[in-house]
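**Q** I'd like to ask you about the structure that follows.
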Amino acid sequence: MHFTERMKEVVRHLNELVPTLQEAAKATAVLLQEGNFADGYRQLQLLIEALQHFEEGLAFLETAGFIEGTGLEDLKQRLQRVYPSILAALQERDSVQLADLLEYELAPTLVRCGPEC
């Protein structure tokens with residue numbers, strides 16, 4: 001497979017992950033809102049790991065010079081604006097704020113974005 005075709009495949013796979021990550025953020029928020037902290041924080045751990053892998057994919061595309069024009073560059077920037085608030089809520093052990101951030105900040109950020117973004 002040619003390099004450009006492989007990069008397009010990586011872009012496609014990352015775009016396919018976006019709705020899954022969005023649903024995971026919403027599901028985690030619901031668990032925390034319901035007071036199901038054990039399951040909520042387990043789900044949050046999985047979500048964080050998935051986001052880390054997603055970010056690694058974005059970094060790979062960026063290093064390869066292939067992220068521009070994919071819409072993923074914009075998504076990466078939007079995600080990086082949300083992360084500090086989530087980290088602060090985690091550090092403060094504020095599950096209410098964390099659930100709100102997952103539902104009202106992270107989930108809406110995780111939308112597919114085409115080259116027109």
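In the structure tokens, each chain is lettered A, B, ... as it comes, each chain's residues begin at 1, and ligands are numbered from 1 in order of appearance.
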So which residues touch segment 29-31 of chain A within 12 Å, counting only C-alpha atoms, skipping near sequence neighbours fewer than 4 positions away, as a list in words?
**A**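 The residues satisfying every condition are Gln22, Glu23, Ala24, Ala25, Gly35, Asn36, Phe37, Ala38, Asp39, Gly40, Tyr41, Arg42, Gln43, Leu44, Leu47, Ile86, Ser95, Val96, Gln97, Leu98, Ala99, Asp100, Leu101, Leu102, Glu103, Tyr104, Glu105, Leu106 and Ala107 of chain A.
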**Q** Only C-alpha atoms, please: the residues just picked out, written as an mmCIF file, in the first residue's frame.
**A**
data_model
loop_
_atom_site.group_PDB
_atom_site.id
_atom_site.type_symbol
_atom_site.label_atom_id
_atom_site.label_comp_id
_atom_site.auth_asym_id
_atom_site.auth_seq_id
_atom_site.Cartn_x
_atom_site.Cartn_y
_atom_site.Cartn_z
ATOM 1 C CA GLN A 22 -18.310 10.498 22.255
ATOM 2 C CA GLU A 23 -20.652 7.738 23.430
ATOM 3 C CA ALA A 24 -18.100 6.596 26.013
ATOM 4 C CA ALA A 25 -17.893 10.150 27.396
ATOM 5 C CA GLY A 35 -23.580 7.942 41.814
ATOM 6 C CA ASN A 36 -22.199 4.714 40.389
ATOM 7 C CA PHE A 37 -18.652 5.832 41.105
ATOM 8 C CA ALA A 38 -16.939 2.439 40.922
ATOM 9 C CA ASP A 39 -18.203 1.750 37.404
ATOM 10 C CA GLY A 40 -17.951 5.420 36.439
ATOM 11 C CA TYR A 41 -14.290 5.676 37.317
ATOM 12 C CA ARG A 42 -13.538 2.325 35.666
ATOM 13 C CA GLN A 43 -15.246 3.585 32.519
ATOM 14 C CA LEU A 44 -13.350 6.867 32.847
ATOM 15 C CA LEU A 47 -12.035 6.480 28.144
ATOM 16 C CA ILE A 86 -11.150 17.610 33.122
ATOM 17 C CA SER A 95 -17.319 13.920 40.323
ATOM 18 C CA VAL A 96 -20.212 16.326 39.652
ATOM 19 C CA GLN A 97 -17.975 18.748 37.762
ATOM 20 C CA LEU A 98 -16.278 15.840 36.009
ATOM 21 C CA ALA A 99 -19.608 14.393 34.845
ATOM 22 C CA ASP A 100 -20.691 17.825 33.591
ATOM 23 C CA LEU A 101 -17.429 18.293 31.704
ATOM 24 C CA LEU A 102 -17.722 14.872 30.089
ATOM 25 C CA GLU A 103 -21.320 15.443 29.053
ATOM 26 C CA TYR A 104 -21.309 19.141 28.143
ATOM 27 C CA GLU A 105 -17.711 19.776 27.056
ATOM 28 C CA LEU A 106 -15.976 16.584 25.941
ATOM 29 C CA ALA A 107 -18.878 14.780 24.248
#
**Q** When DSSP is applied to the backbone of this structure, which of segment 36-93 of chain A are assigned helix (DSSP H, G or I)? Write them out as a VMD selection string.
**A** chain A and resid 37 to 63 72 to 91
**Q** Can you spit out the residues from that selection as a CSV table (one decimal), in the first residue's frame, using N, CA and C atoms?
**A**
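Result saved to selection-v4.csv:
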chain,number,residue,atom,x,y,z
A,37,PHE,N,-20.0,5.4,41.2
A,37,PHE,CA,-18.7,5.8,41.1
A,37,PHE,C,-17.7,4.7,40.7
A,38,ALA,N,-17.9,3.5,41.2
A,38,ALA,CA,-16.9,2.4,40.9
A,38,ALA,C,-16.9,2.2,39.4
A,39,ASP,N,-18.1,2.0,38.8
A,39,ASP,CA,-18.2,1.8,37.4
A,39,ASP,C,-17.8,3.0,36.6
A,40,GLY,N,-18.2,4.2,37.1
A,40,GLY,CA,-18.0,5.4,36.4
A,40,GLY,C,-16.5,5.7,36.3
A,41,TYR,N,-15.7,5.4,37.4
A,41,TYR,CA,-14.3,5.7,37.3
A,41,TYR,C,-13.6,4.6,36.5
A,42,ARG,N,-14.1,3.4,36.5
A,42,ARG,CA,-13.5,2.3,35.7
A,42,ARG,C,-13.7,2.7,34.2
A,43,GLN,N,-14.9,3.1,33.9
A,43,GLN,CA,-15.2,3.6,32.5
A,43,GLN,C,-14.4,4.8,32.1
A,44,LEU,N,-14.2,5.7,33.1
A,44,LEU,CA,-13.4,6.9,32.8
A,44,LEU,C,-11.9,6.4,32.5
A,45,GLN,N,-11.4,5.5,33.2
A,45,GLN,CA,-10.1,5.0,33.0
A,45,GLN,C,-9.9,4.5,31.5
A,46,LEU,N,-11.0,3.7,31.1
A,46,LEU,CA,-11.0,3.2,29.7
A,46,LEU,C,-11.1,4.3,28.7
A,47,LEU,N,-11.9,5.3,29.0
A,47,LEU,CA,-12.0,6.5,28.1
A,47,LEU,C,-10.7,7.2,28.0
A,48,ILE,N,-10.0,7.4,29.1
A,48,ILE,CA,-8.8,8.1,29.1
A,48,ILE,C,-7.7,7.4,28.3
A,49,GLU,N,-7.7,6.1,28.5
A,49,GLU,CA,-6.8,5.2,27.7
A,49,GLU,C,-7.1,5.3,26.2
A,50,ALA,N,-8.4,5.3,25.8
A,50,ALA,CA,-8.8,5.4,24.4
A,50,ALA,C,-8.4,6.8,23.9
A,51,LEU,N,-8.6,7.8,24.7
A,51,LEU,CA,-8.2,9.2,24.2
A,51,LEU,C,-6.7,9.3,24.0
A,52,GLN,N,-6.0,8.6,24.9
A,52,GLN,CA,-4.5,8.7,24.7
A,52,GLN,C,-4.1,8.0,23.4
A,53,HIS,N,-4.7,6.9,23.1
A,53,HIS,CA,-4.4,6.2,21.8
A,53,HIS,C,-4.8,7.1,20.6
A,54,PHE,N,-6.0,7.7,20.8
A,54,PHE,CA,-6.5,8.6,19.7
A,54,PHE,C,-5.5,9.7,19.5
A,55,GLU,N,-5.0,10.3,20.6
A,55,GLU,CA,-4.0,11.4,20.5
A,55,GLU,C,-2.7,10.9,19.9
A,56,GLU,N,-2.3,9.7,20.2
A,56,GLU,CA,-1.1,9.2,19.6
A,56,GLU,C,-1.3,9.1,18.0
A,57,GLY,N,-2.5,8.7,17.6
A,57,GLY,CA,-2.8,8.6,16.2
A,57,GLY,C,-2.7,10.0,15.6
A,58,LEU,N,-3.3,11.0,16.3
A,58,LEU,CA,-3.2,12.3,15.8
A,58,LEU,C,-1.8,12.8,15.7
A,59,ALA,N,-1.0,12.5,16.7
A,59,ALA,CA,0.4,12.9,16.7
A,59,ALA,C,1.2,12.3,15.5
A,60,PHE,N,0.9,11.0,15.3
A,60,PHE,CA,1.5,10.3,14.2
A,60,PHE,C,1.2,11.0,12.8
A,61,LEU,N,-0.1,11.4,12.6
A,61,LEU,CA,-0.5,12.1,11.4
A,61,LEU,C,0.2,13.4,11.3
A,62,GLU,N,0.3,14.1,12.5
A,62,GLU,CA,0.9,15.4,12.5
A,62,GLU,C,2.4,15.3,12.1
A,63,THR,N,3.1,14.4,12.7
A,63,THR,CA,4.5,14.1,12.4
A,63,THR,C,4.7,13.8,11.0
A,72,LEU,N,-9.1,16.7,11.4
A,72,LEU,CA,-8.6,16.2,12.7
A,72,LEU,C,-7.8,17.2,13.4
A,73,GLU,N,-7.1,18.1,12.7
A,73,GLU,CA,-6.3,19.1,13.3
A,73,GLU,C,-7.2,20.0,14.2
A,74,ASP,N,-8.3,20.4,13.7
A,74,ASP,CA,-9.3,21.2,14.4
A,74,ASP,C,-9.8,20.4,15.7
A,75,LEU,N,-10.1,19.1,15.5
A,75,LEU,CA,-10.5,18.3,16.6
A,75,LEU,C,-9.4,18.2,17.7
A,76,LYS,N,-8.2,18.1,17.3
A,76,LYS,CA,-7.1,18.0,18.2
A,76,LYS,C,-7.0,19.3,19.1
A,77,GLN,N,-7.1,20.4,18.4
A,77,GLN,CA,-7.1,21.7,19.1
A,77,GLN,C,-8.2,21.8,20.1
A,78,ARG,N,-9.4,21.4,19.6
A,78,ARG,CA,-10.6,21.5,20.5
A,78,ARG,C,-10.5,20.6,21.7
A,79,LEU,N,-10.0,19.4,21.5
A,79,LEU,CA,-9.8,18.5,22.6
A,79,LEU,C,-8.8,19.0,23.6
A,80,GLN,N,-7.7,19.6,23.2
A,80,GLN,CA,-6.7,20.1,24.0
A,80,GLN,C,-7.2,21.3,24.9
A,81,ARG,N,-8.2,22.0,24.4
A,81,ARG,CA,-8.8,23.1,25.2
A,81,ARG,C,-9.7,22.5,26.4
A,82,VAL,N,-10.2,21.3,26.2
A,82,VAL,CA,-11.1,20.6,27.2
A,82,VAL,C,-10.3,19.9,28.3
A,83,TYR,N,-9.2,19.3,27.9
A,83,TYR,CA,-8.4,18.5,28.8
A,83,TYR,C,-8.1,19.2,30.2
A,84,PRO,N,-7.6,20.4,30.2
A,84,PRO,CA,-7.2,21.0,31.5
A,84,PRO,C,-8.4,21.1,32.5
A,85,SER,N,-9.6,21.3,32.1
A,85,SER,CA,-10.7,21.4,33.0
A,85,SER,C,-11.0,20.0,33.5
A,86,ILE,N,-10.9,19.0,32.7
A,86,ILE,CA,-11.2,17.6,33.1
A,86,ILE,C,-10.1,17.2,34.1
A,87,LEU,N,-8.9,17.6,33.9
A,87,LEU,CA,-7.8,17.2,34.8
A,87,LEU,C,-8.0,17.9,36.1
A,88,ALA,N,-8.4,19.2,36.1
A,88,ALA,CA,-8.7,19.9,37.3
A,88,ALA,C,-9.8,19.3,38.2
A,89,ALA,N,-10.8,18.8,37.5
A,89,ALA,CA,-11.9,18.2,38.2
A,89,ALA,C,-11.5,16.9,38.8
A,90,LEU,N,-10.6,16.1,38.1
A,90,LEU,CA,-10.1,14.9,38.6
A,90,LEU,C,-9.2,15.2,39.8
A,91,GLN,N,-8.3,16.2,39.8
A,91,GLN,CA,-7.5,16.5,40.9
A,91,GLN,C,-8.3,17.0,42.1
**Q** Please, what distance in Å, to one decimal, runs between atom CA of Ile67 of chain A and atom CA of Ala27 of chain A?
**A** 28.8 Å
**Q** When you draw a straight line from atom CA of Glu92 of chain A to atom CA of Leu110 of chain A, how long is it in Å?
**A**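 Atom CA of Leu110 of chain A lies 24.1 Å from atom CA of Glu92 of chain A.
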**Q** Given the choices A:Leu32, A:Val111, A:Ala64, A:Leu21, which gets closest to Thr4 of chain A if the distance is worked out from only C-alpha atoms?
**A**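 Once distances to Thr4 of chain A are computed over only C-alpha atoms, the minimum belongs to A:Ala64.
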**Q** Go ahead and compute the interatomic distance for atom CA of Met7 of chain A and atom CA of Glu68 of chain A, in Å to one decimal.
**A**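 Here the two named atoms are 11.8 Å from each other.
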